[in-house]
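K.L.:
Before I ask anything, let me first share the structure, which is written out below as structure tokens.
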Amino acid sequence: MDLNQQIKEIKQSFRLMMDGMVAASMRNKGANYKLNWGATLPRLRDKAEELKQMFNVSCLMFNQYDLAIALWKENVRECKILATMLMPADKMLPEVVDIWMEQTDSQEIAEQTSFNLYQYLPYAADKAYTWMASDKELYQLCGFHILSRLFMNKQEPNERGINEFIDQALAALEGDSLMVKKAAMNAMIRFAELGLVYERLAKSALKKANLEIF
């Protein structure tokens with residue numbers, strides 16, 4: 001089977017996952033996909049696992065990286081989410097990440113790339129600090145989501161990282177974007193959970209800004 005045939009089979013499989021209520025709900029919330037079958041995330045995760053197993057037992061003309069790249073290029077919700085689940089984080093070059101980020105135009109895809117892929121990149125922290133300082137909402141969203149996950153995994157920032165994070169988180173919490181506010185708030189909570197020193201830093205910064213989230 002070649003890559004084009006595999007993509008075709010994958011897209012056909014979405015018909016079995018179709019959920020009209022989910023798709024309609026997304027449309028009502030402003031999600032603007034060219035094609036959206038409304039497949040739930042658990043079913044897409046199952047599909048991703050099925051495809052990963054295929055690579056373990058089959059001799060194919062393409063690899064998992066190639067499939068992820070091809071899926072991302074399809075302007076189909078389910079294809080893009082599957083791409084984030086299949087892309088090997090250790091094989092993804094920074095310039096490819098930048099292209100994917102530029103092509104991300106919805107909150108759902110921004111969150112799925114952050115949770116399924118970007119948090120596992122070898123250079124995840126570098127991207128997160130760069131993105132949270134961006135003037136673009138979806139970049140900021142990804143930046144704070146990545147840092148939340150890194151903090152949850154007990155990755156402690158250095159002194160410069162601490163100062164950058166607190167400054168950007170406070171700016172986001174005082175900003176107008178509700179989705180970025182929520183992401184920054186969650187990241188601040190995860191930051192505080194790193195230990196007593198971090199908790200005191202977070203509370204002190206929030207107090208100076210007249211903000212209370214604890």
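Chain labels run A, B, ... following the order of the structure tokens; each chain numbers its residues from 1, and ligands are numbered from 1 in the order shown.
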Please provide as a list of chain:residue names all residues within 8 Å of range 60-67 of chain A, with the sequence filter that same-chain residues fewer than 5 positions apart are discarded (counting only C-alpha atoms).
P.N.:
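Counting only the stated atoms, we get A:Met1, A:Asp2, A:Leu3, A:Ile7, A:Lys52, A:Phe55, A:Ala83, A:Leu86, A:Met87, A:Pro88, A:Lys91.
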K.L.:
Compile a residue-level contact table for range 28-62 of chain A against range 111-122 of chain A at a cut-off of 12 Å, reporting for every qualifying residue the shortest atom pair and its distance in Å to one decimal, with only C-alpha atoms counted, rows ordered by chain and ascending number, as CSV.
P.N.:
residue,atom,partner,partner_atom,distance
A:Leu41,CA,A:Gln112,CA,9.6
A:Leu44,CA,A:Gln112,CA,11.5
A:Arg45,CA,A:Asn116,CA,10.0
A:Ala48,CA,A:Asn116,CA,11.2
K.L.:
Go ahead and write the selection's residues with N, CA, C and O atoms as a JSON list (two decimals), in the first residue's frame.
P.N.:
[["chain", "number", "residue", "atom", "x", "y", "z"],
["A", 41, "LEU", "N", -12.59, 12.27, 20.36],
["A", 41, "LEU", "CA", -11.16, 12.07, 20.59],
["A", 41, "LEU", "C", -10.81, 10.63, 20.99],
["A", 41, "LEU", "O", -9.80, 10.10, 20.51],
["A", 44, "LEU", "N", -10.54, 8.65, 17.86],
["A", 44, "LEU", "CA", -9.35, 9.02, 17.08],
["A", 44, "LEU", "C", -8.09, 8.44, 17.73],
["A", 44, "LEU", "O", -7.17, 8.02, 17.03],
["A", 45, "ARG", "N", -8.07, 8.41, 19.06],
["A", 45, "ARG", "CA", -6.91, 7.80, 19.74],
["A", 45, "ARG", "C", -6.84, 6.31, 19.43],
["A", 45, "ARG", "O", -5.74, 5.77, 19.22],
["A", 48, "ALA", "N", -5.39, 5.99, 16.03],
["A", 48, "ALA", "CA", -3.95, 6.26, 16.05],
["A", 48, "ALA", "C", -3.18, 5.03, 16.53],
["A", 48, "ALA", "O", -2.14, 4.67, 15.96]]
K.L.:
Could you give me the residues within range 68-167 of chain A that DSSP places in helix (DSSP H, G or I), as a VMD selection string?
P.N.:
chain A and resid 68 to 73 77 to 86 89 to 91 94 to 102 107 to 116 118 to 120 124 to 132 137 to 152 159 to 167
K.L.:
Name the closest residue to Met85 in chain A among the candidates A:Lys136, A:Lys34, A:Lys203, A:Lys47; distances are taken between atoms, counting only C-alpha atoms.
P.N.:
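Closest candidate: A:Lys47.
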K.L.:
Between A:Ala171, A:Leu206, A:Leu35, A:Met54, which has the minimum distance to Asp135 in chain A (counting only C-alpha atoms)?
P.N.:
A:Ala171
K.L.:
Check the smallest atom-to-atom distance from each of A:Glu174, A:Glu137, A:Glu156, A:Asp105 to Arg77 in chain A using only C-alpha atoms, then report the winner.
P.N.:
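Distance minimum relative to Arg77 in chain A lands on A:Asp105.
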K.L.:
Can you tell me which residues surround Leu141 in chain A at a distance of at most 10 Å, considering only C-alpha atoms, apart from same-chain residues fewer than 5 positions away, and format the answer as a PyMOL selection string?
P.N.:
chain A and resi 107+110-111+114+128+131-132+134+136+146+172+177+179-184
K.L.:
Kindly export the residues of the current selection with C-alpha atoms, as a tab-separated table (two decimals), in the first residue's frame.
P.N.:
chain	number	residue	atom	x	y	z
A	107	GLN	CA	-8.49	26.44	19.42
A	110	ALA	CA	-3.92	24.29	18.97
A	111	GLU	CA	-4.83	22.31	22.08
A	114	SER	CA	0.08	20.97	22.44
A	128	ALA	CA	6.67	27.54	24.82
A	131	TRP	CA	5.03	31.43	21.83
A	132	MET	CA	3.62	32.74	25.09
A	134	SER	CA	3.63	36.24	20.89
A	136	LYS	CA	-1.17	35.88	18.52
A	146	ILE	CA	3.00	23.28	26.97
A	172	ALA	CA	-2.30	37.11	29.85
A	177	SER	CA	-8.67	36.57	25.61
A	179	MET	CA	-9.04	31.04	26.35
A	180	VAL	CA	-5.54	32.44	26.96
A	181	LYS	CA	-6.52	33.58	30.45
A	182	LYS	CA	-7.66	30.06	31.31
A	183	ALA	CA	-4.47	28.52	29.93
A	184	ALA	CA	-2.29	31.03	31.80
K.L.:
As an exercise, work out the distance from CA of Glu108 in chain A to CA of Val96 in chain A in Å and give it to one decimal place.
P.N.:
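Calculated distance between CA of Glu108 in chain A and CA of Val96 in chain A is 19.4 Å.
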K.L.:
Distance CA of Leu150 in chain A-CA of Tyr198 in chain A, one decimal place?
P.N.:
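That distance, rounded to one decimal, is 14.2 Å.
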K.L.:
Between A:Phe151, A:Phe144, A:Trp72, A:Trp37, which is the closest to Leu16 in chain A once you count only C-alpha atoms?
P.N.:
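Of all the options, A:Trp37 lies closest to Leu16 in chain A.
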K.L.:
Hey, can you check how far CA of Glu78 in chain A sits from CA of Phe14 in chain A?
P.N.:
7.6 Å
